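Colleague: Hey, dropping start-v7.cif in here, mmCIF, C-alpha atoms:
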```cif
data_query
loop_
_atom_site.label_atom_id
_atom_site.label_comp_id
_atom_site.auth_asym_id
_atom_site.auth_seq_id
_atom_site.Cartn_x
_atom_site.Cartn_y
_atom_site.Cartn_z
CA MET A 14 -140.34 19.42 88.24
CA LYS A 15 -137.19 21.30 89.19
CA ILE A 16 -134.85 20.26 92.00
CA SER A 17 -132.25 22.76 93.18
CA VAL A 18 -128.92 21.25 94.17
CA HIS A 19 -127.99 24.39 96.09
CA GLU A 20 -131.17 24.24 98.15
CA ILE A 21 -130.43 20.66 99.15
CA LEU A 22 -126.74 21.16 99.96
CA LYS A 23 -126.76 24.77 101.23
CA SER A 24 -123.33 25.01 99.65
CA GLN A 25 -121.73 26.06 96.37
CA ASN A 26 -119.72 22.84 96.32
CA ALA A 27 -121.39 19.66 95.13
CA SER A 28 -118.37 17.54 95.78
CA LEU A 29 -118.89 14.69 98.23
CA HIS A 30 -120.35 11.23 97.95
CA ASP A 31 -122.85 12.19 100.65
CA ASP A 32 -123.80 15.31 98.68
CA GLY A 33 -124.65 13.09 95.74
CA LEU A 34 -126.67 10.73 97.91
CA ALA A 35 -128.64 13.71 99.24
CA LEU A 36 -129.63 14.65 95.67
CA TYR A 37 -130.44 11.02 94.86
CA GLN A 38 -132.74 10.82 97.90
CA GLU A 39 -134.48 14.05 96.94
CA VAL A 40 -135.13 12.79 93.40
CA LYS A 41 -136.32 9.42 94.74
CA LYS A 42 -138.77 11.15 97.05
CA ASN A 43 -140.47 12.62 94.02
CA ILE A 44 -140.93 9.50 91.94
CA SER A 45 -142.67 6.21 92.41
CA LYS A 46 -141.61 2.94 90.77
CA GLN A 47 -141.09 4.44 87.33
CA ILE A 48 -140.05 7.92 86.32
CA GLU A 49 -142.99 9.37 84.45
CA ASP A 50 -142.36 13.10 84.47
CA GLU A 51 -139.39 15.20 83.50
CA ILE A 52 -137.12 16.17 86.39
CA THR A 53 -134.69 19.07 85.98
CA ILE A 54 -131.70 19.09 88.28
CA ASP A 55 -130.89 22.76 88.68
CA PHE A 56 -127.23 23.64 89.33
CA THR A 57 -127.77 27.39 89.71
CA GLU A 58 -125.40 28.82 92.36
CA ILE A 59 -123.27 25.68 92.32
CA LYS A 60 -119.66 26.65 91.68
CA ARG A 61 -117.97 23.26 91.77
CA CYS A 62 -119.20 19.75 91.05
CA SER A 63 -117.16 16.54 91.26
CA THR A 64 -117.45 13.26 89.40
CA LEU A 65 -117.81 11.65 92.82
CA PHE A 66 -120.96 13.71 93.38
CA LEU A 67 -122.36 12.79 89.97
CA ASN A 68 -121.61 9.08 90.53
CA ALA A 69 -123.49 9.09 93.82
CA SER A 70 -126.49 10.98 92.41
CA PHE A 71 -127.01 10.41 88.68
CA GLY A 72 -124.96 7.18 88.76
CA LYS A 73 -127.15 5.72 91.45
CA LEU A 74 -130.30 6.79 89.59
CA LEU A 75 -128.93 5.11 86.47
CA ALA A 76 -128.35 1.90 88.38
CA GLU A 77 -131.88 1.97 89.74
CA PHE A 78 -133.96 3.22 86.83
CA GLY A 79 -131.81 2.38 83.81
CA GLU A 80 -130.19 4.43 81.09
CA ASP A 81 -133.29 4.99 78.98
CA SER A 82 -135.38 6.46 81.77
CA VAL A 83 -132.65 8.71 83.11
CA ARG A 84 -131.70 9.94 79.64
CA LYS A 85 -135.33 10.67 78.84
CA PHE A 86 -136.56 12.20 82.10
CA ILE A 87 -133.70 13.49 84.27
CA HIS A 88 -131.73 16.46 82.98
CA PRO A 89 -129.06 18.66 84.52
CA ASP A 90 -129.59 22.37 83.94
CA SER A 91 -127.87 25.73 84.57
CA TYR A 92 -124.40 24.25 84.89
CA ALA A 93 -122.51 26.55 82.49
CA GLN A 94 -120.54 28.11 85.38
CA ILE A 95 -119.19 24.70 86.47
CA LEU A 96 -115.87 23.90 84.87
CA ASN A 97 -115.82 20.69 82.81
CA PHE A 98 -119.34 19.78 83.89
CA MET A 99 -120.18 17.80 80.76
CA ASP A 100 -116.83 15.98 80.84
CA LYS A 101 -117.58 14.87 84.37
CA TYR A 102 -121.14 13.99 83.46
CA ASN A 103 -119.88 11.82 80.63
CA ASP A 104 -117.31 10.24 82.98
CA MET A 105 -120.21 9.35 85.24
CA TRP A 106 -121.96 7.56 82.34
CA ASP A 107 -118.72 5.74 81.55
CA ASN A 108 -118.39 4.70 85.19
CA PHE A 109 -121.89 3.31 85.06
CA LYS A 110 -121.26 1.43 81.83
CA ASN A 111 -118.06 -0.02 83.22
CA LYS A 112 -120.06 -2.07 85.64
CA SER A 113 -117.63 -4.79 86.62
CA ASN A 114 -116.15 -2.91 89.55
CA TYR A 115 -119.34 -1.09 90.45
CA GLN A 116 -121.58 -4.14 90.25
CA ALA A 117 -119.28 -6.10 92.54
CA TYR A 118 -119.71 -3.48 95.24
CA ARG A 119 -123.46 -3.34 94.76
CA GLU A 120 -123.74 -7.09 95.04
CA GLU A 121 -121.74 -7.05 98.24
CA ALA A 122 -123.79 -4.22 99.65
CA TYR A 123 -127.10 -5.87 98.93
CA ALA A 124 -126.06 -9.43 99.77
CA MET B 12 -99.93 23.76 136.35
CA GLN B 13 -96.70 21.84 136.40
CA THR B 14 -94.29 22.17 133.46
CA GLN B 15 -92.49 19.24 131.84
CA GLU B 16 -89.81 19.43 129.18
CA VAL B 17 -89.94 17.24 126.08
CA TYR B 18 -87.57 17.31 123.12
CA LEU B 19 -89.24 17.54 119.73
CA GLY B 20 -86.56 15.55 117.94
CA GLN B 21 -83.00 15.53 116.90
CA ASP B 22 -81.06 16.54 113.81
CA GLY B 23 -83.54 16.72 110.94
CA ILE B 24 -87.21 15.77 110.89
CA TYR B 25 -87.90 15.09 107.24
CA THR B 26 -90.88 13.73 105.33
CA ASN B 27 -89.81 10.13 105.65
CA SER B 28 -90.35 7.23 108.02
CA VAL B 29 -87.49 8.31 110.30
CA GLY B 30 -88.93 11.82 110.57
CA VAL B 31 -92.44 10.55 111.25
CA LYS B 32 -91.09 8.13 113.84
CA GLN B 33 -89.41 11.05 115.60
CA LEU B 34 -92.71 12.91 115.81
CA LEU B 35 -94.43 9.77 117.12
CA ASP B 36 -91.67 9.42 119.72
CA PHE B 37 -92.35 13.01 120.77
CA TYR B 38 -96.05 12.13 121.04
CA GLU B 39 -95.33 9.12 123.23
CA ASP B 40 -92.99 11.12 125.45
CA CYS B 41 -95.71 13.74 125.99
CA LYS B 42 -98.37 11.09 126.52
CA LYS B 43 -96.71 10.05 129.77
CA PHE B 44 -97.96 13.31 131.29
CA THR B 45 -101.40 14.65 132.07
CA ASP B 46 -102.75 18.03 133.21
CA CYS B 47 -99.53 19.92 132.70
CA ILE B 48 -97.67 22.26 130.39
CA ILE B 49 -95.23 20.67 127.98
CA HIS B 50 -92.33 22.93 127.19
CA ILE B 51 -91.16 21.77 123.77
CA ARG B 52 -87.37 21.84 123.57
CA LEU B 53 -85.68 22.29 120.21
CA ASP B 54 -82.06 22.00 121.41
CA ASN B 55 -80.99 19.14 119.20
CA LEU B 56 -83.14 19.98 116.25
CA LEU B 57 -81.55 21.23 113.06
CA TRP B 58 -84.49 21.02 110.67
CA LEU B 59 -88.22 20.33 110.48
CA ASP B 60 -89.97 19.94 107.12
CA GLY B 61 -92.67 22.63 107.35
CA ASN B 62 -95.38 20.41 105.85
CA LEU B 63 -94.96 17.96 108.76
CA CYS B 64 -96.57 20.61 111.00
CA ALA B 65 -99.82 18.97 109.85
CA LEU B 66 -98.82 15.76 111.63
CA LEU B 67 -97.31 17.61 114.59
CA GLY B 68 -100.45 19.71 114.98
CA ALA B 69 -102.66 16.64 114.84
CA LEU B 70 -100.62 14.85 117.51
CA MET B 71 -100.65 17.93 119.75
CA PHE B 72 -104.40 18.25 119.29
CA ARG B 73 -104.86 14.66 120.45
CA LEU B 74 -102.61 15.22 123.46
CA THR B 75 -104.47 18.38 124.42
CA HIS B 76 -107.77 16.59 124.12
CA ASP B 77 -106.85 13.26 125.74
CA ASN B 78 -104.31 14.30 128.37
CA ASN B 79 -105.25 17.91 129.01
CA LEU B 80 -101.82 19.12 128.02
CA LYS B 81 -100.87 22.65 127.09
CA PHE B 82 -97.80 23.40 125.05
CA GLY B 83 -95.22 26.13 125.15
CA MET B 84 -92.03 27.00 123.29
CA ASP B 85 -89.37 29.59 123.77
CA ALA B 86 -89.90 32.18 121.03
CA ALA B 87 -86.22 32.99 120.76
CA GLU B 88 -85.38 29.30 120.37
CA VAL B 89 -88.07 28.91 117.71
CA THR B 90 -86.67 31.88 115.80
CA LYS B 91 -83.17 30.46 115.99
CA LYS B 92 -83.83 26.76 115.40
CA CYS B 93 -87.22 26.26 113.81
CA SER B 94 -88.58 29.52 112.44
CA VAL B 95 -90.78 27.63 109.99
CA LEU B 96 -93.25 27.33 112.87
CA PHE B 97 -93.75 31.08 112.65
CA HIS B 98 -93.63 31.21 108.87
CA ASN B 99 -96.51 28.85 108.35
CA ASP B 100 -98.81 30.06 111.14
CA PHE B 101 -98.25 26.97 113.27
CA LEU B 102 -97.41 29.44 116.01
CA LYS B 103 -99.58 32.50 115.60
CA ILE B 104 -97.97 35.86 115.94
CA GLU B 105 -99.71 39.16 115.74
CA GLN B 106 -96.85 41.60 115.59
CA ASP B 107 -94.29 42.15 112.84
CA ILE B 108 -96.23 39.71 110.70
CA ASP B 109 -94.43 40.77 107.51
CA LEU B 110 -91.16 39.94 109.17
CA TYR B 111 -92.16 36.39 109.95
CA LYS B 112 -94.38 35.26 107.09
CA LYS B 113 -92.51 33.51 104.32
CA LYS B 114 -93.67 33.00 100.80
CA SER B 115 -92.34 29.47 100.91
CA SER B 116 -94.95 28.36 103.45
CA ILE B 117 -98.46 27.17 102.76
CA PRO B 118 -100.32 27.89 105.99
CA PHE B 119 -100.96 25.35 108.70
CA LYS B 120 -104.68 24.98 109.31
CA GLY B 121 -107.13 22.63 110.95
CA PHE B 122 -110.57 21.83 109.61
CA TYR B 123 -113.40 19.93 111.23
CA PRO B 124 -114.86 17.14 109.09
CA LYS B 125 -117.96 19.19 108.22
CA GLN B 126 -116.00 22.22 106.97
CA LYS B 127 -116.18 21.24 103.32
CA ASP B 128 -116.50 24.75 101.94
CA GLU B 129 -113.67 26.15 104.06
CA PHE B 130 -111.37 23.30 103.03
CA THR B 131 -112.29 23.76 99.36
CA ASP B 132 -111.44 27.48 99.63
CA TYR B 133 -108.11 26.60 101.24
CA LEU B 134 -107.23 24.23 98.39
CA ASP B 135 -108.24 26.77 95.79
CA ASN B 136 -106.75 29.90 97.32
CA GLU B 137 -103.88 28.78 99.58
CA LEU B 138 -102.51 25.54 98.16
CA LEU B 139 -103.07 25.46 94.42
CA SER B 140 -102.85 29.23 93.94
CA HIS B 141 -99.71 29.56 96.06
CA LYS B 142 -96.98 31.61 94.41
CA ALA B 143 -94.58 28.69 94.53
CA MET B 144 -96.97 26.37 92.72
CA PRO B 145 -96.86 26.02 88.95
CA LYS B 146 -99.68 27.85 87.25
CA PHE B 147 -102.11 24.99 86.73
CA SER B 148 -104.63 25.11 83.91
CA PRO B 149 -108.18 25.54 85.24
CA GLU B 150 -108.92 21.94 84.23
CA ILE B 151 -105.93 20.45 86.09
CA LYS B 152 -106.64 22.60 89.12
CA GLU B 153 -110.24 21.43 89.13
CA LYS B 154 -109.17 17.79 88.94
CA LEU B 155 -106.69 18.20 91.78
CA ILE B 156 -109.36 19.83 93.94
CA ASP B 157 -111.78 16.99 93.13
CA ASP B 158 -109.21 14.38 94.12
CA LEU B 159 -108.22 16.19 97.32
CA ILE B 160 -111.87 16.69 98.23
CA GLU B 161 -112.38 12.97 97.81
CA ILE B 162 -109.64 12.37 100.38
CA TYR B 163 -111.40 14.87 102.62
CA GLY B 164 -114.69 13.04 101.99
CA ASN B 165 -113.13 9.82 103.22
CA ILE B 166 -112.13 11.54 106.46
CA ASP B 167 -115.66 12.85 106.87
CA LYS B 168 -117.29 9.52 106.05
CA HIS B 169 -114.91 6.78 107.12
CA ALA B 170 -112.44 8.06 109.68
CA GLU B 171 -114.95 7.79 112.53
CA THR B 172 -113.70 10.93 114.20
CA GLU B 173 -115.09 14.29 115.16
CA SER B 174 -111.57 15.66 115.56
CA PRO B 175 -110.26 18.14 113.03
CA PHE B 176 -107.78 17.18 110.36
CA PHE B 177 -104.72 19.31 109.73
CA VAL B 178 -102.95 20.53 106.63
CA CYS B 179 -99.72 22.34 105.88
CA GLY B 180 -97.43 22.83 102.91
CA GLN B 181 -93.88 23.88 102.21
CA HIS B 182 -91.97 24.99 99.16
CA PHE B 183 -88.39 23.73 99.00
CA PRO B 184 -86.79 26.15 96.52
CA LYS B 185 -83.47 24.35 96.15
CA GLN B 186 -85.15 21.07 95.24
CA GLU B 187 -87.88 22.90 93.34
CA ILE B 188 -90.59 20.86 95.00
CA ILE B 189 -93.68 21.65 97.06
CA ARG B 190 -94.82 19.24 99.72
CA PHE B 191 -98.32 19.24 101.16
CA THR B 192 -99.40 17.07 104.07
CA ILE B 193 -102.93 16.26 105.20
CA CYS B 194 -103.31 14.44 108.47
CA ASP B 195 -106.36 13.10 110.28
CA LEU B 196 -106.90 11.46 113.65
CA GLY B 197 -109.37 8.83 112.52
CA VAL B 198 -109.25 5.05 112.46
CA GLY B 199 -106.80 4.89 109.54
CA PHE B 200 -107.03 2.88 106.34
CA TYR B 201 -107.14 -0.61 107.82
CA LYS B 202 -110.41 -0.83 109.76
CA LYS B 203 -112.92 0.08 107.05
CA ILE B 204 -111.14 -1.69 104.23
CA LYS B 205 -110.71 -4.86 106.28
CA GLN B 206 -114.47 -4.81 106.93
CA ILE B 207 -115.35 -5.01 103.25
CA LYS B 208 -112.37 -7.04 102.01
CA PRO B 209 -111.56 -9.39 104.91
CA ASP B 210 -110.03 -12.04 102.65
CA ILE B 211 -107.37 -9.92 101.02
CA ILE B 212 -106.56 -7.28 103.64
CA ALA B 213 -104.30 -8.52 106.42
CA ASN B 214 -102.69 -5.31 107.62
CA SER B 215 -102.42 -1.54 107.19
CA GLY B 216 -99.97 -1.94 104.32
CA ASP B 217 -102.46 -4.04 102.34
CA ALA B 218 -105.19 -1.48 103.04
CA ILE B 219 -103.07 1.44 101.81
CA LEU B 220 -102.15 -0.42 98.61
CA TRP B 221 -105.79 -1.34 98.02
CA ALA B 222 -106.87 2.30 98.37
CA VAL B 223 -104.06 3.65 96.21
CA ASP B 224 -105.03 1.16 93.53
CA GLY B 225 -108.30 3.09 93.06
CA ASN B 226 -110.63 0.86 95.03
CA SER B 227 -113.43 2.23 97.14
CA THR B 228 -115.24 1.41 100.35
CA LYS B 229 -118.38 3.06 99.00
CA PRO B 230 -120.88 0.28 98.32
CA ASP B 231 -123.55 2.33 96.63
CA ALA B 232 -121.84 4.10 93.75
CA PRO B 233 -118.51 4.08 91.94
CA GLY B 234 -115.77 6.21 93.41
CA GLY B 235 -112.47 5.95 95.18
CA LYS B 236 -110.22 7.24 92.44
CA GLY B 237 -108.93 10.27 94.35
CA LEU B 238 -105.73 8.73 95.69
CA LYS B 239 -105.09 6.82 92.49
CA ASN B 240 -105.55 9.94 90.37
CA LEU B 241 -103.22 11.95 92.60
CA HIS B 242 -100.67 9.16 92.53
CA GLU B 243 -100.78 8.99 88.73
CA TYR B 244 -100.63 12.75 88.28
CA LEU B 245 -97.86 13.41 90.77
CA SER B 246 -95.75 10.38 89.93
CA GLY B 247 -96.25 11.03 86.22
CA ASN B 248 -94.68 14.43 86.83
CA LYS B 249 -91.76 13.10 88.89
CA GLY B 250 -93.39 13.93 92.20
CA GLY B 251 -95.01 11.42 94.50
CA ILE B 252 -97.15 10.48 97.46
CA GLN B 253 -96.28 9.14 100.86
CA ILE B 254 -98.81 7.68 103.29
CA PHE B 255 -98.48 6.76 106.95
CA SER B 256 -101.32 4.92 108.64
CA GLY B 257 -101.43 2.34 111.42
CA ASP B 258 -98.04 0.67 111.42
CA ALA B 259 -97.40 1.08 107.70
CA ASN B 260 -95.61 3.52 105.47
CA TRP B 261 -96.11 3.61 101.73
CA CYS B 262 -94.24 5.73 99.25
CA SER B 263 -94.89 5.76 95.51
CA LYS B 264 -92.21 3.72 93.77
CA GLU B 265 -91.34 6.50 91.42
CA MET B 266 -89.86 8.30 94.40
CA ALA B 267 -86.98 5.87 94.62
CA GLN B 268 -84.44 8.51 93.67
CA ASN B 269 -85.70 10.95 96.25
CA ILE B 270 -83.76 10.74 99.44
CA THR B 271 -86.31 12.29 101.74
CA MET B 272 -89.43 10.36 100.81
CA LYS B 273 -87.84 6.91 100.78
CA PRO B 274 -88.32 4.02 101.26
CA GLN B 275 -90.30 3.03 98.21
CA GLY B 276 -93.23 0.70 98.53
CA ILE B 277 -94.65 -0.54 101.84
CA SER B 278 -92.52 -0.66 104.93
CA GLN B 279 -93.21 -1.07 108.62
CA LEU B 280 -93.30 2.14 110.60
CA LYS B 281 -92.19 0.40 113.82
CA LYS B 282 -94.72 2.65 115.55
CA ILE B 283 -98.48 2.83 115.46
CA PHE B 284 -100.03 5.99 114.14
CA ALA B 285 -103.76 6.01 114.93
CA GLY B 286 -104.79 8.13 111.97
CA SER B 287 -103.56 8.84 108.47
CA SER B 288 -100.96 11.19 107.11
CA ILE B 289 -100.78 11.75 103.36
CA SER B 290 -97.97 13.83 101.88
CA LEU B 291 -98.04 14.97 98.28
CA GLU B 292 -94.96 16.13 96.43
CA PHE B 293 -95.31 18.47 93.45
CA ASN B 294 -92.19 18.59 91.28
CA LYS B 295 -92.11 22.18 90.13
CA LYS B 296 -89.27 21.59 87.67
CA VAL B 297 -91.24 19.02 85.69
CA LEU B 298 -94.64 20.67 86.06
CA LEU B 299 -93.26 23.93 84.66
CA SER B 300 -91.44 22.33 81.75
#
```
Please re-express this file's structure in structure tokens.

Modeller:
Amino acid sequence: MKISVHEILKSQNASLHDDGLALYQEVKKNISKQIEDEITIDFTEIKRCSTLFLNASFGKLLAEFGEDSVRKFIHPDSYAQILNFMDKYNDMWDNFKNKSNYQAYREEAYA
Amino acid sequence: MQTQEVYLGQDGIYTNSVGVKQLLDFYEDCKKFTDCIIHIRLDNLLWLDGNLCALLGALMFRLTHDNNLKFGMDAAEVTKKCSVLFHNDFLKIEQDIDLYKKKSSIPFKGFYPKQKDEFTDYLDNELLSHKAMPKFSPEIKEKLIDDLIEIYGNIDKHAETESPFFVCGQHFPKQEIIRFTICDLGVGFYKKIKQIKPDIIANSGDAILWAVDGNSTKPDAPGGKGLKNLHEYLSGNKGGIQIFSGDANWCSKEMAQNITMKPQGISQLKKIFAGSSISLEFNKKVLLS
């Protein structure tokens, strides 16, 4: 399955927290409890992508489905035109792994 | 419509708490009137930091909206006393544009909270590509845009306002610095941060410090590093940040030697500003070295 970021956002800028949540919701709509099929997140036509966006999309999927599932099934694609994309993507993984801050917020939110 | 006269300020209006207080005094003087034209007098004014047009524009927008005020200025007086208002497009002129536009100004503009793409273009093409700015590497430029967009995102998400936010920048060639101010008319830092951290946030000053420390009000994913990153980058290059919100004023401590952005740390504004004004200072001398 391929999900186009540009089609969801109608913009070349995937930059906001809400943009990331929109992608997260779109991915969630297409999976049940477990991710069982490969999902390609297509960044064609996206010019700019922020770590904030990746935190709110991939980061949130990581928190919900775990590292193994996301690494195995959810892949970004067609991002060569986005400056430093992989650096930001790796930052997002680091943010997830550094859970102390993040987990505190989650616990508050779901309390 | 009746016309009333209000003085904009006196002596110099600089990017510091005294300058901001002067603009808030102007706002309160205008607020006494409704349904009239305010003729803005510049008689006693010697200087206005161009970047503060972002705050001035925001305050005038609120007055227009809330009190149905219209504003006027004498063009000859503006030319003589405060021509920066022409240079940066605060006052639009359509004739002899080349005569009035100055390379030292980064244009005054307003954006509605949903104008993400327009604001991103402004940052890319007007602010960070301005001739006065150091030539940033693509990576640094990208990071600065990310951090500034995060500030914009907070206005969109947390400021609880449909009003536009305003931006303006100014190059100060003698000091070799560029100042950029972004100003919104939302609820400020305090309300949202107090909601999620009631035990540790007692006032606007606490809320500003909490945000600058890299914390976030977003409960569902990590984030909130925009202000912290900008603070680290600018202060690390002998520039700085200054924030006004509610009744508080914060200036990065590294600015202690700078006379116009003092005082360092949190101080009371002695006025309430219902919104947020964030001024960034890029030190060209250091960034170019």

Colleague: Counting only C-alpha atoms, which of A:Glu77, A:Asp55, A:Glu39, A:Glu20 gets nearest to chain B?

Modeller: A:Glu77

Colleague: Using all atoms listed in the file, what table do you get, as a Markdown table, when you list each residue of chain B with an atom no more than 12 Å from chain A, its nearest pair of atoms, and their distance in Å rounded to one decimal, rows by chain then rising number?

Modeller:
```
| residue | atom | partner | partner_atom | distance |
| --- | --- | --- | --- | --- |
| B:Pro124 | CA | A:Leu29 | CA | 11.8 |
| B:Lys125 | CA | A:Leu29 | CA | 11.0 |
| B:Gln126 | CA | A:Ser24 | CA | 10.7 |
| B:Lys127 | CA | A:Asn26 | CA | 8.0 |
| B:Asp128 | CA | A:Asn26 | CA | 6.8 |
| B:Glu129 | CA | A:Asn26 | CA | 10.4 |
| B:Phe130 | CA | A:Asn26 | CA | 10.7 |
| B:Thr131 | CA | A:Asn26 | CA | 8.1 |
| B:Asp132 | CA | A:Asn26 | CA | 10.1 |
| B:Asp135 | CA | A:Arg61 | CA | 11.1 |
| B:Ser148 | CA | A:Leu96 | CA | 11.3 |
| B:Pro149 | CA | A:Leu96 | CA | 7.9 |
| B:Glu150 | CA | A:Asn97 | CA | 7.2 |
| B:Ile151 | CA | A:Asn97 | CA | 10.4 |
| B:Lys152 | CA | A:Leu96 | CA | 10.2 |
| B:Glu153 | CA | A:Leu96 | CA | 7.5 |
| B:Lys154 | CA | A:Ser63 | CA | 8.4 |
| B:Leu155 | CA | A:Ser63 | CA | 10.6 |
| B:Ile156 | CA | A:Ser63 | CA | 8.9 |
| B:Asp157 | CA | A:Ser63 | CA | 5.7 |
| B:Asp158 | CA | A:Ser63 | CA | 8.7 |
| B:Leu159 | CA | A:Ser28 | CA | 10.4 |
| B:Ile160 | CA | A:Ser28 | CA | 7.0 |
| B:Glu161 | CA | A:Leu29 | CA | 6.7 |
| B:Ile162 | CA | A:Leu29 | CA | 9.8 |
| B:Tyr163 | CA | A:Leu29 | CA | 8.7 |
| B:Gly164 | CA | A:Leu29 | CA | 5.9 |
| B:Asn165 | CA | A:Leu29 | CA | 9.0 |
| B:Ile166 | CA | A:Leu29 | CA | 11.1 |
| B:Asp167 | CA | A:Leu29 | CA | 9.4 |
| B:Lys168 | CA | A:Asp31 | CA | 8.2 |
| B:His169 | CA | A:His30 | CA | 11.6 |
| B:Gln206 | CA | A:Glu121 | CA | 11.5 |
| B:Ile207 | CA | A:Glu121 | CA | 8.4 |
| B:Lys208 | CA | A:Glu121 | CA | 10.1 |
| B:Gly225 | CA | A:Asn114 | CA | 10.5 |
| B:Asn226 | CA | A:Asn114 | CA | 8.6 |
| B:Ser227 | CA | A:Tyr118 | CA | 8.7 |
| B:Thr228 | CA | A:Tyr118 | CA | 8.4 |
| B:Lys229 | CA | A:Tyr118 | CA | 7.7 |
| B:Pro230 | CA | A:Tyr118 | CA | 5.0 |
| B:Asp231 | CA | A:Arg119 | CA | 6.0 |
| B:Ala232 | CA | A:Ala69 | CA | 5.3 |
| B:Pro233 | CA | A:Tyr115 | CA | 5.4 |
| B:Gly234 | CA | A:Leu65 | CA | 5.8 |
| B:Gly235 | CA | A:Leu65 | CA | 8.2 |
| B:Lys236 | CA | A:Leu65 | CA | 8.8 |
| B:Gly237 | CA | A:Leu65 | CA | 9.1 |
```

Colleague: Just the number, please: distance in Å from CA of Ile48 in chain B to CA of Gly30 in chain B, one decimal.

Modeller: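 Here the two named atoms are 24.0 Å from each other.
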
Colleague: Can you measure CA of Met12 in chain B to CA of Asp36 in chain B for me? One decimal in Å is fine.

Modeller: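 According to the coordinates, CA of Met12 in chain B and CA of Asp36 in chain B are separated by 23.5 Å.
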
Colleague: Have a look at CA of Asn248 in chain B and CA of Asn294 in chain B and let me know their distance in Å, one decimal.

Modeller: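 Distance between the two atoms: 6.6 Å.
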
Colleague: With C-alpha atoms as the atom set, please write range 73-96 of chain B from the structure just given, as a short mmCIF file (atom, residue, chain, number, x, y, z; two decimals), in the first residue's frame.

Modeller:
```
data_model
loop_
_atom_site.label_atom_id
_atom_site.label_comp_id
_atom_site.auth_asym_id
_atom_site.auth_seq_id
_atom_site.Cartn_x
_atom_site.Cartn_y
_atom_site.Cartn_z
CA ARG B 73 -6.44 44.50 17.23
CA LEU B 74 -7.56 48.12 17.58
CA THR B 75 -9.06 48.12 14.10
CA HIS B 76 -10.89 44.91 14.84
CA ASP B 77 -12.04 45.63 18.41
CA ASN B 78 -12.62 49.39 18.35
CA ASN B 79 -13.30 50.03 14.68
CA LEU B 80 -10.41 52.44 14.43
CA LYS B 81 -8.74 53.61 11.27
CA PHE B 82 -5.24 55.01 11.27
CA GLY B 83 -3.57 57.81 9.41
CA MET B 84 -0.14 59.43 9.35
CA ASP B 85 1.26 62.47 7.67
CA ALA B 86 3.46 61.21 4.83
CA ALA B 87 5.87 64.11 5.09
CA GLU B 88 6.27 63.51 8.83
CA VAL B 89 6.87 59.80 8.22
CA THR B 90 9.53 60.60 5.63
CA LYS B 91 11.23 63.00 8.00
CA LYS B 92 10.94 61.13 11.31
CA CYS B 93 10.25 57.47 10.69
CA SER B 94 10.93 56.54 7.07
CA VAL B 95 11.47 52.92 8.06
CA LEU B 96 7.68 52.59 7.87
#
```
